[in-house]
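Undergrad: work_26.cif is reproduced below (mmCIF, C-alpha atoms).
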data_entry
loop_
_atom_site.label_atom_id
_atom_site.label_comp_id
_atom_site.auth_asym_id
_atom_site.auth_seq_id
_atom_site.Cartn_x
_atom_site.Cartn_y
_atom_site.Cartn_z
CA MET A 1 8.41 -37.97 41.76
CA THR A 2 8.56 -34.23 42.51
CA THR A 3 6.39 -31.75 40.65
CA SER A 4 9.40 -30.11 39.01
CA ASP A 5 10.63 -33.50 37.65
CA ALA A 6 7.14 -34.17 36.31
CA ILE A 7 6.97 -30.71 34.72
CA ASP A 8 10.29 -31.27 32.92
CA THR A 9 9.07 -34.60 31.57
CA VAL A 10 5.71 -33.19 30.43
CA VAL A 11 7.42 -30.23 28.76
CA LYS A 12 9.71 -32.60 26.85
CA VAL A 13 6.72 -34.51 25.42
CA LEU A 14 4.62 -31.42 24.65
CA ALA A 15 7.45 -29.32 23.16
CA PRO A 16 7.26 -30.65 19.56
CA HIS A 17 3.53 -29.91 19.51
CA ILE A 18 3.17 -26.54 21.24
CA GLY A 19 6.77 -25.46 21.93
CA SER A 20 8.69 -25.72 25.18
CA THR A 21 7.98 -22.11 26.23
CA MET A 22 4.22 -22.49 25.84
CA ALA A 23 4.24 -25.97 27.42
CA ARG A 24 6.16 -24.75 30.48
CA SER A 25 4.14 -21.57 30.97
CA ALA A 26 0.82 -23.42 30.56
CA ILE A 27 1.86 -26.14 33.05
CA GLU A 28 3.13 -23.59 35.54
CA ALA A 29 -0.07 -21.55 35.23
CA HIS A 30 -2.22 -24.65 35.79
CA CYS A 31 -0.06 -25.79 38.74
CA HIS A 32 -0.45 -22.35 40.29
CA LYS A 33 -4.24 -22.44 39.85
CA LEU A 34 -4.44 -25.98 41.25
CA GLY A 35 -2.23 -25.09 44.21
CA ILE A 36 0.53 -27.53 43.24
CA ALA A 37 3.95 -26.44 44.50
CA ALA A 38 6.99 -27.16 42.31
CA THR A 39 9.09 -28.58 45.12
CA SER A 40 6.48 -30.91 46.67
CA PRO A 41 5.80 -34.48 45.50
CA LEU A 42 3.03 -34.79 42.91
CA SER A 43 0.16 -37.04 43.98
CA PRO A 44 -1.69 -39.19 41.39
CA GLU A 45 -4.84 -37.08 41.94
CA GLN A 46 -2.95 -33.84 41.30
CA LEU A 47 -1.36 -35.37 38.21
CA ASP A 48 -4.79 -36.36 36.85
CA LEU A 49 -6.11 -32.86 37.46
CA LEU A 50 -3.09 -31.29 35.77
CA LEU A 51 -3.25 -33.60 32.76
CA GLY A 52 -7.00 -32.93 32.48
CA LYS A 53 -6.32 -29.21 32.22
CA LEU A 54 -3.53 -29.76 29.70
CA THR A 55 -5.76 -32.01 27.58
CA ALA A 56 -8.41 -29.28 27.41
CA GLY A 57 -5.80 -26.75 26.27
CA LEU A 58 -4.21 -29.10 23.78
CA ASN A 59 -7.66 -29.94 22.31
CA ILE A 60 -7.91 -26.42 20.95
CA PHE A 61 -4.63 -26.67 19.09
CA VAL A 62 -4.63 -30.25 17.84
CA GLY A 63 -8.14 -31.67 18.30
CA ARG A 64 -9.44 -34.32 20.71
CA GLU A 65 -7.94 -37.43 19.09
CA LYS A 66 -4.43 -36.07 18.74
CA SER A 67 -4.64 -34.47 22.16
CA ALA A 68 -5.56 -37.83 23.75
CA ALA A 69 -2.63 -39.46 21.96
CA VAL A 70 -0.18 -36.80 23.17
CA ILE A 71 -1.42 -37.03 26.77
CA GLY A 72 -1.06 -40.82 26.44
CA ASP A 73 2.60 -40.22 25.55
CA VAL A 74 2.91 -37.92 28.57
CA ARG A 75 1.54 -40.61 30.89
CA GLN A 76 3.94 -43.15 29.39
CA ALA A 77 6.92 -40.80 29.88
CA LEU A 78 5.86 -40.09 33.48
CA GLY A 79 5.45 -43.84 34.08
CA ALA A 80 8.99 -44.40 32.79
CA LEU A 81 10.25 -41.60 35.03
CA GLY A 82 8.58 -43.22 38.05
CA ARG A 83 10.10 -46.64 37.21
CA ALA A 84 13.56 -45.11 36.73
CA ARG A 85 13.47 -43.89 40.31
CA MET B 86 -0.46 -32.29 -1.00
CA SER B 87 2.97 -33.95 -0.84
CA THR B 88 6.08 -32.32 0.66
CA THR B 89 7.49 -31.78 -2.85
CA GLY B 90 4.20 -30.19 -3.94
CA ARG B 91 4.27 -27.81 -0.98
CA GLN B 92 7.91 -26.87 -1.60
CA LEU B 93 7.12 -26.27 -5.27
CA ALA B 94 4.19 -24.03 -4.32
CA TRP B 95 6.51 -21.93 -2.12
CA VAL B 96 9.04 -21.59 -4.97
CA VAL B 97 6.32 -20.60 -7.46
CA VAL B 98 4.83 -18.02 -5.09
CA GLY B 99 8.31 -16.68 -4.27
CA LEU B 100 9.08 -16.24 -7.97
CA THR B 101 5.70 -14.63 -8.59
CA VAL B 102 6.21 -12.13 -5.78
CA ALA B 103 9.67 -11.35 -7.20
CA LEU B 104 8.05 -10.85 -10.61
CA TYR B 105 5.71 -8.17 -9.24
CA VAL B 106 8.42 -6.47 -7.21
CA GLY B 107 10.51 -6.42 -10.41
CA TRP B 108 7.58 -4.89 -12.27
CA ALA B 109 7.47 -2.03 -9.78
CA LEU B 110 11.23 -1.51 -9.77
CA ALA B 111 11.98 -1.92 -13.49
CA PRO B 112 8.73 -1.49 -15.44
CA THR B 113 10.54 -0.55 -18.65
CA SER B 114 12.67 -3.69 -18.80
CA ALA B 115 12.13 -6.09 -21.71
CA LEU B 116 10.43 -8.65 -19.47
CA TYR B 117 7.59 -6.24 -18.75
CA THR B 118 7.36 -4.50 -22.10
CA LYS B 119 7.80 -7.44 -24.52
CA TRP B 120 6.57 -10.57 -22.77
CA LEU B 121 4.54 -9.71 -19.72
CA ASP B 122 2.48 -6.56 -20.21
CA GLY B 123 0.19 -5.07 -17.55
CA HIS B 124 -2.83 -7.05 -18.76
CA ARG B 125 -1.10 -10.41 -18.40
CA LEU B 126 0.37 -9.53 -15.03
CA LEU B 127 -3.03 -8.44 -13.74
CA ALA B 128 -4.50 -11.75 -14.92
CA ILE B 129 -1.68 -13.80 -13.34
CA ALA B 130 -2.14 -11.98 -10.01
CA ALA B 131 -5.89 -12.64 -10.15
CA VAL B 132 -5.33 -16.37 -10.72
CA PHE B 133 -2.88 -16.62 -7.78
CA LYS B 134 -5.20 -14.71 -5.46
CA LEU B 135 -8.26 -16.76 -6.46
CA ALA B 136 -6.41 -20.07 -6.06
CA SER B 137 -4.98 -19.19 -2.61
CA LEU B 138 -8.27 -17.81 -1.31
CA LEU B 139 -10.30 -20.81 -2.46
CA ALA B 140 -7.75 -23.33 -1.18
CA GLY B 141 -7.47 -21.44 2.12
CA ALA B 142 -11.25 -21.38 2.55
CA ALA B 143 -11.48 -25.11 1.82
CA TRP B 144 -8.61 -26.04 4.18
CA ALA B 145 -9.92 -23.85 7.00
CA PHE B 146 -13.36 -25.43 6.58
CA GLU B 147 -11.81 -28.90 6.71
CA CYS B 148 -10.03 -27.90 9.94
CA ARG B 149 -13.42 -26.93 11.34
CA ASP B 150 -14.79 -30.27 10.18
CA ARG B 151 -11.97 -32.25 11.79
CA LEU B 152 -12.41 -30.62 15.19
CA GLU B 153 -15.06 -32.23 17.38
CA ALA B 154 -18.32 -30.40 18.17
CA GLY B 155 -17.83 -28.23 21.24
CA ASN B 156 -14.15 -27.53 20.53
CA PRO B 157 -13.79 -23.76 21.16
CA ALA B 158 -11.54 -23.36 18.09
CA ARG B 159 -14.09 -24.95 15.73
CA PRO B 160 -16.20 -21.81 15.09
CA ALA B 161 -12.99 -19.79 14.63
CA TRP B 162 -11.85 -22.03 11.75
CA PHE B 163 -15.34 -21.81 10.26
CA LEU B 164 -15.29 -18.01 10.41
CA LEU B 165 -11.79 -17.92 8.95
CA SER B 166 -13.09 -20.08 6.11
CA LEU B 167 -16.01 -17.69 5.54
CA GLY B 168 -13.63 -14.71 5.57
CA MET B 169 -11.44 -16.33 2.93
CA LEU B 170 -14.51 -17.31 0.91
CA SER B 171 -15.87 -13.78 1.06
CA SER B 172 -12.52 -12.40 -0.17
CA PHE B 173 -12.60 -15.05 -2.91
CA ALA B 174 -16.05 -13.79 -3.97
CA GLY B 175 -14.67 -10.24 -4.00
CA GLN B 176 -11.74 -11.29 -6.16
CA LEU B 177 -14.10 -13.26 -8.41
CA CYS B 178 -16.15 -10.09 -9.01
CA LEU B 179 -12.97 -8.30 -10.14
CA ALA B 180 -11.67 -11.16 -12.27
CA PRO B 181 -13.77 -10.52 -15.43
CA TYR B 182 -12.68 -6.87 -15.51
CA GLN B 183 -9.06 -7.85 -14.96
CA PHE B 184 -9.08 -10.69 -17.51
CA VAL B 185 -11.04 -8.89 -20.23
CA PHE B 186 -10.40 -5.17 -19.79
CA ALA B 187 -7.13 -5.19 -17.82
CA GLU B 188 -8.64 -2.92 -15.20
CA THR B 189 -9.66 -3.13 -11.55
CA PRO B 190 -12.83 -1.14 -10.85
CA PHE B 191 -12.75 0.75 -7.56
CA PRO B 192 -15.24 1.06 -6.00
CA GLY B 193 -16.81 -2.05 -7.50
CA PRO B 194 -19.11 -4.94 -6.62
CA GLY B 195 -16.11 -6.84 -5.24
CA ASP B 196 -15.78 -4.35 -2.40
CA ILE B 197 -19.03 -5.63 -0.84
CA PHE B 198 -17.43 -9.04 -0.35
CA TYR B 199 -14.02 -7.69 0.66
CA LEU B 200 -15.70 -5.60 3.37
CA LEU B 201 -17.88 -8.54 4.42
CA ALA B 202 -14.72 -10.61 4.97
CA TYR B 203 -13.55 -8.37 7.83
CA PRO B 204 -16.25 -9.19 10.42
CA PHE B 205 -15.62 -12.89 9.75
CA LEU B 206 -11.85 -12.56 10.10
CA ILE B 207 -12.00 -10.30 13.16
CA ALA B 208 -14.53 -12.63 14.83
CA ALA B 209 -12.34 -15.65 13.98
CA LEU B 210 -9.30 -14.11 15.67
CA LEU B 211 -11.34 -13.04 18.71
CA ILE B 212 -12.76 -16.55 19.10
CA PHE B 213 -9.23 -18.03 18.87
CA LEU B 214 -8.14 -15.61 21.59
CA ASN B 215 -11.10 -16.50 23.79
CA ALA B 216 -10.48 -20.21 23.29
CA TYR B 217 -6.83 -19.85 24.33
CA ARG B 218 -7.80 -17.73 27.33
CA GLU B 219 -10.35 -20.33 28.43
CA ALA B 220 -7.68 -23.02 28.07
CA GLY B 221 -5.67 -21.12 30.69
CA LEU B 222 -2.97 -19.81 28.37
CA PRO B 223 -1.27 -16.66 29.62
CA MET B 224 -2.76 -13.59 27.87
CA GLY B 225 -1.09 -10.66 29.58
CA SER B 226 -2.69 -8.23 31.97
CA LEU B 227 -5.66 -5.95 31.30
CA GLY B 228 -3.29 -2.98 31.47
CA GLU B 229 -1.10 -4.43 28.72
CA ARG B 230 -4.14 -5.00 26.53
CA ALA B 231 -5.39 -1.44 27.17
CA LEU B 232 -1.93 -0.16 26.23
CA LEU B 233 -2.08 -2.15 23.01
CA VAL B 234 -5.49 -0.70 22.07
CA ALA B 235 -4.18 2.80 22.81
CA GLY B 236 -1.11 2.10 20.65
CA VAL B 237 -3.28 0.95 17.74
CA GLY B 238 -5.38 4.11 18.22
CA VAL B 239 -2.28 6.28 17.82
CA VAL B 240 -1.19 4.31 14.73
CA ALA B 241 -4.74 4.71 13.36
CA VAL B 242 -4.58 8.49 13.66
CA VAL B 243 -1.15 8.62 11.97
CA ILE B 244 -2.13 6.25 9.15
CA LEU B 245 -5.68 7.41 8.50
CA ARG B 246 -5.13 11.18 8.58
CA PRO B 247 -3.59 11.55 5.09
CA VAL B 248 -6.02 9.00 3.65
CA VAL B 249 -9.03 10.88 5.08
CA ALA B 250 -7.73 14.14 3.61
CA THR B 251 -7.73 12.70 0.07
CA ALA B 252 -10.12 14.26 -2.44
CA GLY B 253 -12.39 12.13 -4.62
CA PRO B 254 -15.91 10.70 -4.90
CA LEU B 255 -17.56 10.03 -1.52
CA LEU B 256 -17.88 6.23 -1.90
CA GLU B 257 -14.26 5.93 -2.98
CA ARG B 258 -13.15 7.99 0.02
CA ILE B 259 -15.28 5.97 2.44
CA LEU B 260 -13.82 2.70 1.14
CA THR B 261 -10.26 4.02 1.10
CA VAL B 262 -10.61 4.83 4.81
CA ALA B 263 -12.68 1.73 5.66
CA TYR B 264 -10.06 -0.81 4.56
CA PRO B 265 -7.13 0.44 6.66
CA ALA B 266 -9.52 1.25 9.56
CA LEU B 267 -10.82 -2.33 9.58
CA ASP B 268 -7.25 -3.59 9.30
CA LEU B 269 -6.36 -1.66 12.42
CA VAL B 270 -9.27 -3.31 14.24
CA LEU B 271 -7.94 -6.66 13.00
CA LEU B 272 -4.52 -5.68 14.30
CA VAL B 273 -5.62 -5.76 17.97
CA PRO B 274 -6.42 -9.50 18.20
CA LEU B 275 -3.55 -10.11 15.78
CA VAL B 276 -0.99 -8.62 18.17
CA LEU B 277 -2.51 -10.45 21.13
CA LEU B 278 -2.29 -13.71 19.19
CA LEU B 279 1.29 -12.86 18.26
CA ARG B 280 2.18 -12.98 21.95
CA ILE B 281 0.84 -16.53 22.08
CA ALA B 282 2.48 -17.46 18.77
CA LEU B 283 5.89 -16.37 20.06
CA LYS B 284 5.51 -18.83 22.92
CA LEU B 285 4.63 -21.55 20.41
CA ARG B 286 7.82 -21.07 18.40
CA GLY B 287 9.72 -24.16 17.36
CA SER B 288 6.58 -26.33 17.39
CA LYS B 289 4.11 -27.62 14.81
CA VAL B 290 1.32 -25.36 16.10
CA GLY B 291 3.81 -22.50 16.14
CA GLU B 292 4.31 -22.95 12.38
CA VAL B 293 0.54 -22.66 11.87
CA TRP B 294 0.39 -19.38 13.74
CA LEU B 295 3.53 -18.00 12.18
CA LEU B 296 1.98 -18.55 8.73
CA LEU B 297 -1.47 -17.25 9.68
CA LEU B 298 -0.27 -14.15 11.48
CA THR B 299 2.33 -13.24 8.85
CA GLY B 300 -0.40 -13.64 6.23
CA PHE B 301 -2.75 -11.34 8.12
CA ALA B 302 0.03 -8.83 8.64
CA PHE B 303 0.70 -8.77 4.86
CA MET B 304 -3.05 -8.41 4.26
CA CYS B 305 -3.12 -5.33 6.52
CA ALA B 306 0.02 -3.97 4.83
CA GLY B 307 -1.56 -4.53 1.39
CA ASP B 308 -4.71 -2.61 2.34
CA ILE B 309 -2.76 0.26 3.88
CA CYS B 310 -0.43 0.46 0.83
CA PHE B 311 -3.48 0.35 -1.47
CA ALA B 312 -5.11 3.26 0.40
CA TYR B 313 -1.88 5.28 0.39
CA PHE B 314 -1.01 4.65 -3.26
CA LEU B 315 -4.57 5.58 -4.23
CA ALA B 316 -4.39 8.75 -2.13
CA LEU B 317 -1.04 9.64 -3.71
CA GLY B 318 -2.20 8.66 -7.19
CA ALA B 319 0.89 6.43 -7.42
CA VAL B 320 -0.42 3.81 -9.85
CA GLU B 321 3.14 2.70 -10.65
CA LEU B 322 3.35 1.22 -7.13
CA ASP B 323 0.37 -1.11 -7.68
CA PRO B 324 2.65 -4.12 -8.35
CA PHE B 325 3.76 -3.94 -4.70
CA VAL B 326 0.12 -4.22 -3.65
CA HIS B 327 -0.35 -7.27 -5.90
CA ALA B 328 2.81 -8.88 -4.46
CA THR B 329 1.61 -8.20 -0.90
CA TYR B 330 -1.83 -9.73 -1.47
CA ILE B 331 -0.45 -12.77 -3.32
CA LEU B 332 1.87 -13.44 -0.39
CA ALA B 333 -0.80 -12.68 2.23
CA TYR B 334 -3.42 -15.05 0.82
CA PHE B 335 -0.84 -17.77 0.22
CA LEU B 336 0.47 -17.52 3.80
CA VAL B 337 -3.00 -17.69 5.35
CA ALA B 338 -3.91 -20.64 3.12
CA SER B 339 -0.62 -22.37 4.05
CA GLY B 340 -1.38 -21.82 7.74
CA ALA B 341 -4.77 -23.49 7.35
CA GLN B 342 -3.18 -26.34 5.42
CA ARG B 343 -0.48 -26.81 8.11
CA GLN B 344 -3.21 -26.98 10.78
CA LEU B 345 -5.08 -29.54 8.72
CA ARG B 346 -1.95 -31.68 8.48
CA ILE B 347 -1.64 -31.61 12.28
CA LEU B 348 -5.29 -32.61 12.66
CA LYS B 349 -4.91 -35.41 10.14
CA SER B 350 -1.65 -36.78 11.57
#
Would you mind writing the file's structure down as structure tokens?

TA:
Amino acid sequence: MTTSDAIDTVVKVLAPHIGSTMARSAIEAHCHKLGIAATSPLSPEQLDLLLGKLTAGLNIFVGREKSAAVIGDVRQALGALGRAR
Amino acid sequence: MSTTGRQLAWVVVGLTVALYVGWALAPTSALYTKWLDGHRLLAIAAVFKLASLLAGAAWAFECRDRLEAGNPARPAWFLLSLGMLSSFAGQLCLAPYQFVFAETPFPGPGDIFYLLAYPFLIAALLIFLNAYREAGLPMGSLGERALLVAGVGVVAVVILRPVVATAGPLLERILTVAYPALDLVLLVPLVLLLRIALKLRGSKVGEVWLLLLTGFAFMCAGDICFAYFLALGAVELDPFVHATYILAYFLVASGAQRQLRILKS
């Protein structure tokens, strides 16, 4: 799974909650800070780091419980993406 | 509150705002001379403002309560609740005069609470901004923020100059300048949050911020109109001020309620 595929999937799940523009710009900003390139494959460790950052951001908007549920949905969608390939 | 209840509240507030705009535009029509005189309209406005402010304070406090300890947005919801509660206390001080004597004393004891609301509201918006910055959300460059502050400064000079030049008792003049000046301070975090809110469009959280920021914008507009109409001695334009505040408080309260629904879902 490439980073850009993962980003598209995460954006799709986050969009109803924080909007696709905010989701994409937050993910891209975090990827940049974490040194994750869009074209390279995303390792499980990088994914965990990225989702950790997104959880912290989402917490502020929707609270810890809801944030954990949304990130759970993200993991499920990414799992499905991995299986599809 | 159910979906039908919320829709009904929007219709009622919409009609009420239209009622006050109508009062300003056609004060001699039968509706305003036979059925709804100035006294009744003042009382109706007071009831709407009190209800929205109290509900908004309660919902914002519940948002604070629903967020876990350590959540950076928690103190912001608490301060927003205190700001709404302080405005409620201000409105409550005016209510007896409005209900019994059909007048709004200015300056009056209510102004203490209205002024007290500003530090709470400004701090709430700044804490929201800081929380979003810490979460890594894009905030714009330092240069852009400096440009914004400079822009607000220019607007402040344009807006405040005629208000400062108004004659009248010292306390009245101080308060007439203080309200729009504090609104302009509020405007800085408001515009910065608007940048974030635009990126949230089309989402549930985006709805919260659209309601909150529009409400704050109407609050600022209401204060500036109040200062101008007072400076001009244009009492006949007061209904516009009532309409603006009714809408402002309702929007902020609706924003807090929308956030609460997200936290409860």

Undergrad: Of the residues A:Gln76, A:Gln46, A:Ser20, A:Thr39, which is the one nearest to chain B, using all atoms listed in the file?

TA: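 Nearest to chain B: A:Ser20.
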
Undergrad: Determine, for each residue of chain B having at least one atom at most 10 Å from an atom of chain A, the closest pair of atoms and their separation in Å to one decimal, counting only C-alpha atoms; order by chain and ascending number, as JSON lines.

TA:
{"residue": "B:Cys148", "atom": "CA", "partner": "A:Gly63", "partner_atom": "CA", "distance": 9.4}
{"residue": "B:Arg149", "atom": "CA", "partner": "A:Gly63", "partner_atom": "CA", "distance": 9.9}
{"residue": "B:Arg151", "atom": "CA", "partner": "A:Gly63", "partner_atom": "CA", "distance": 7.6}
{"residue": "B:Leu152", "atom": "CA", "partner": "A:Gly63", "partner_atom": "CA", "distance": 5.4}
{"residue": "B:Glu153", "atom": "CA", "partner": "A:Arg64", "partner_atom": "CA", "distance": 6.9}
{"residue": "B:Asn156", "atom": "CA", "partner": "A:Ile60", "partner_atom": "CA", "distance": 6.4}
{"residue": "B:Pro157", "atom": "CA", "partner": "A:Ile60", "partner_atom": "CA", "distance": 6.5}
{"residue": "B:Ala158", "atom": "CA", "partner": "A:Ile60", "partner_atom": "CA", "distance": 5.5}
{"residue": "B:Arg159", "atom": "CA", "partner": "A:Ile60", "partner_atom": "CA", "distance": 8.2}
{"residue": "B:Phe213", "atom": "CA", "partner": "A:Ile60", "partner_atom": "CA", "distance": 8.7}
{"residue": "B:Ala216", "atom": "CA", "partner": "A:Ile60", "partner_atom": "CA", "distance": 7.1}
{"residue": "B:Tyr217", "atom": "CA", "partner": "A:Gly57", "partner_atom": "CA", "distance": 7.2}
{"residue": "B:Arg218", "atom": "CA", "partner": "A:Gly57", "partner_atom": "CA", "distance": 9.3}
{"residue": "B:Glu219", "atom": "CA", "partner": "A:Gly57", "partner_atom": "CA", "distance": 8.2}
{"residue": "B:Ala220", "atom": "CA", "partner": "A:Gly57", "partner_atom": "CA", "distance": 4.5}
{"residue": "B:Gly221", "atom": "CA", "partner": "A:Ala26", "partner_atom": "CA", "distance": 6.9}
{"residue": "B:Leu222", "atom": "CA", "partner": "A:Ala26", "partner_atom": "CA", "distance": 5.7}
{"residue": "B:Pro223", "atom": "CA", "partner": "A:Ala26", "partner_atom": "CA", "distance": 7.1}
{"residue": "B:Ile281", "atom": "CA", "partner": "A:Met22", "partner_atom": "CA", "distance": 7.8}
{"residue": "B:Ala282", "atom": "CA", "partner": "A:Met22", "partner_atom": "CA", "distance": 8.8}
{"residue": "B:Leu283", "atom": "CA", "partner": "A:Met22", "partner_atom": "CA", "distance": 8.6}
{"residue": "B:Lys284", "atom": "CA", "partner": "A:Met22", "partner_atom": "CA", "distance": 4.9}
{"residue": "B:Leu285", "atom": "CA", "partner": "A:Gly19", "partner_atom": "CA", "distance": 4.7}
{"residue": "B:Arg286", "atom": "CA", "partner": "A:Gly19", "partner_atom": "CA", "distance": 5.7}
{"residue": "B:Gly287", "atom": "CA", "partner": "A:Gly19", "partner_atom": "CA", "distance": 5.6}
{"residue": "B:Ser288", "atom": "CA", "partner": "A:Gly19", "partner_atom": "CA", "distance": 4.6}
{"residue": "B:Lys289", "atom": "CA", "partner": "A:His17", "partner_atom": "CA", "distance": 5.3}
{"residue": "B:Val290", "atom": "CA", "partner": "A:Ile18", "partner_atom": "CA", "distance": 5.6}
{"residue": "B:Gly291", "atom": "CA", "partner": "A:Ile18", "partner_atom": "CA", "distance": 6.5}
{"residue": "B:Glu292", "atom": "CA", "partner": "A:Ile18", "partner_atom": "CA", "distance": 9.6}
{"residue": "B:Val293", "atom": "CA", "partner": "A:Phe61", "partner_atom": "CA", "distance": 9.7}
{"residue": "B:Gln344", "atom": "CA", "partner": "A:Val62", "partner_atom": "CA", "distance": 7.9}
{"residue": "B:Leu345", "atom": "CA", "partner": "A:Val62", "partner_atom": "CA", "distance": 9.2}
{"residue": "B:Arg346", "atom": "CA", "partner": "A:Val62", "partner_atom": "CA", "distance": 9.8}
{"residue": "B:Ile347", "atom": "CA", "partner": "A:Val62", "partner_atom": "CA", "distance": 6.5}
{"residue": "B:Leu348", "atom": "CA", "partner": "A:Val62", "partner_atom": "CA", "distance": 5.7}
{"residue": "B:Lys349", "atom": "CA", "partner": "A:Lys66", "partner_atom": "CA", "distance": 8.6}
{"residue": "B:Ser350", "atom": "CA", "partner": "A:Lys66", "partner_atom": "CA", "distance": 7.7}

Undergrad: Distance CA of Arg258 in chain B-CA of Leu336 in chain B, one decimal place?

TA: 29.2 Å

Undergrad: Given the file above and the PyMOL selection byres ((chain B and resi 99) around 12), which residues are selected, and can you give them as a list in words?

TA: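 Selected by the PyMOL selection byres ((chain B and resi 99) around 12) in this file: Gln92, Leu93, Ala94, Trp95, Val96, Val97, Val98, Leu100, Thr101, Val102, Ala103, Leu104, Tyr105, Val106, Phe133, Ala328, Thr329, Ile331, Leu332, Ala333, Phe335 and Leu336 of chain B.
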
Undergrad: Could you tell me how far CA of Leu277 in chain B sits from CA of Leu34 in chain A, in Å to one decimal place?

TA: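 Between these atoms lies a distance of 25.5 Å.
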
Undergrad: Once the PyMOL selection byres ((chain B and resi 141) around 12) is applied to the coordinates I shared, what remains selected? I want it as a tab-separated table (two decimals) with C-alpha atoms, keeping the file's coordinate frame.

TA:
chain	number	residue	atom	x	y	z
B	133	PHE	CA	-2.88	-16.62	-7.78
B	134	LYS	CA	-5.20	-14.71	-5.46
B	135	LEU	CA	-8.26	-16.76	-6.46
B	136	ALA	CA	-6.41	-20.07	-6.06
B	137	SER	CA	-4.98	-19.19	-2.61
B	138	LEU	CA	-8.27	-17.81	-1.31
B	139	LEU	CA	-10.30	-20.81	-2.46
B	140	ALA	CA	-7.75	-23.33	-1.18
B	142	ALA	CA	-11.25	-21.38	2.55
B	143	ALA	CA	-11.48	-25.11	1.82
B	144	TRP	CA	-8.61	-26.04	4.18
B	145	ALA	CA	-9.92	-23.85	7.00
B	146	PHE	CA	-13.36	-25.43	6.58
B	147	GLU	CA	-11.81	-28.90	6.71
B	148	CYS	CA	-10.03	-27.90	9.94
B	162	TRP	CA	-11.85	-22.03	11.75
B	163	PHE	CA	-15.34	-21.81	10.26
B	164	LEU	CA	-15.29	-18.01	10.41
B	165	LEU	CA	-11.79	-17.92	8.95
B	166	SER	CA	-13.09	-20.08	6.11
B	167	LEU	CA	-16.01	-17.69	5.54
B	168	GLY	CA	-13.63	-14.71	5.57
B	169	MET	CA	-11.44	-16.33	2.93
B	170	LEU	CA	-14.51	-17.31	0.91
B	171	SER	CA	-15.87	-13.78	1.06
B	172	SER	CA	-12.52	-12.40	-0.17
B	173	PHE	CA	-12.60	-15.05	-2.91
B	296	LEU	CA	1.98	-18.55	8.73
B	297	LEU	CA	-1.47	-17.25	9.68
B	300	GLY	CA	-0.40	-13.64	6.23
B	333	ALA	CA	-0.80	-12.68	2.23
B	334	TYR	CA	-3.42	-15.05	0.82
B	335	PHE	CA	-0.84	-17.77	0.22
B	336	LEU	CA	0.47	-17.52	3.80
B	337	VAL	CA	-3.00	-17.69	5.35
B	338	ALA	CA	-3.91	-20.64	3.12
B	339	SER	CA	-0.62	-22.37	4.05
B	340	GLY	CA	-1.38	-21.82	7.74
B	341	ALA	CA	-4.77	-23.49	7.35
B	342	GLN	CA	-3.18	-26.34	5.42
B	343	ARG	CA	-0.48	-26.81	8.11
B	344	GLN	CA	-3.21	-26.98	10.78
B	345	LEU	CA	-5.08	-29.54	8.72

Undergrad: Fewer than 4 positions away in the same chain doesn't count, so skip those; otherwise give me all residues within 12 Å of Gln183 in chain B, counting only C-alpha atoms, as a ChimeraX atom specification.

TA: /B:123-132,176-179,187-191

Undergrad: Hey, can I get the axis-aligned box for range 14-23 of chain A? All listed atoms, 6 Å padding on each side, centre and edge lengths in Å to one decimal, as JSON.

TA:
{"center_x": 5.9, "center_y": -26.8, "center_z": 23.5, "size_x": 17.5, "size_y": 21.3, "size_z": 19.9}

Undergrad: The PyMOL selection byres ((chain B and resi 311) around 12) - which residues does that actually catch in the file I just gave you? List them as a PyMOL selection string.

TA: chain B and resi 191+248+260-265+303-310+312-330

Undergrad: To one decimal place in Å, what is the distance between CA of Ile71 in chain A and CA of Cys31 in chain A?

TA: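 Going from CA of Ile71 in chain A over to CA of Cys31 in chain A covers 16.5 Å.
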
Undergrad: At a cut-off of 9 Å, using only C-alpha atoms, what residues contact Pro192 in chain B? Leave out same-chain residues fewer than 4 positions from it and give the result as a list in words.

TA: Asp196, Leu256, Glu257 and Leu260 of chain B

Undergrad: Which residue is closest to Gly35 in chain A? Choose from A:Gly79, A:Val74, A:Gly52, A:Thr3 and count only C-alpha atoms.

TA: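 With only C-alpha atoms as the atom set, the closest residue is A:Thr3.
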
Undergrad: Output as a PDB file, in the frame of the given file: range 18-24 of chain A, completed with N, CA and C atoms.

TA:
ATOM      1  N   ILE A  18       3.538 -27.936  20.936  1.00  0.00           N
ATOM      2  CA  ILE A  18       3.170 -26.540  21.240  1.00  0.00           C
ATOM      3  C   ILE A  18       4.375 -25.681  21.650  1.00  0.00           C
ATOM      4  N   GLY A  19       5.562 -26.233  21.573  1.00  0.00           N
ATOM      5  CA  GLY A  19       6.770 -25.460  21.930  1.00  0.00           C
ATOM      6  C   GLY A  19       7.059 -25.547  23.414  1.00  0.00           C
ATOM      7  N   SER A  20       8.338 -25.539  23.761  1.00  0.00           N
ATOM      8  CA  SER A  20       8.690 -25.720  25.180  1.00  0.00           C
ATOM      9  C   SER A  20       8.278 -24.510  26.022  1.00  0.00           C
ATOM     10  N   THR A  21       8.344 -23.309  25.457  1.00  0.00           N
ATOM     11  CA  THR A  21       7.980 -22.110  26.230  1.00  0.00           C
ATOM     12  C   THR A  21       6.492 -22.148  26.601  1.00  0.00           C
ATOM     13  N   MET A  22       5.658 -22.439  25.586  1.00  0.00           N
ATOM     14  CA  MET A  22       4.220 -22.490  25.840  1.00  0.00           C
ATOM     15  C   MET A  22       3.891 -23.641  26.792  1.00  0.00           C
ATOM     16  N   ALA A  23       4.526 -24.806  26.568  1.00  0.00           N
ATOM     17  CA  ALA A  23       4.240 -25.970  27.420  1.00  0.00           C
ATOM     18  C   ALA A  23       4.568 -25.625  28.876  1.00  0.00           C
ATOM     19  N   ARG A  24       5.748 -25.054  29.098  1.00  0.00           N
ATOM     20  CA  ARG A  24       6.160 -24.750  30.480  1.00  0.00           C
ATOM     21  C   ARG A  24       5.254 -23.691  31.109  1.00  0.00           C
TER      22      ARG A  24
END
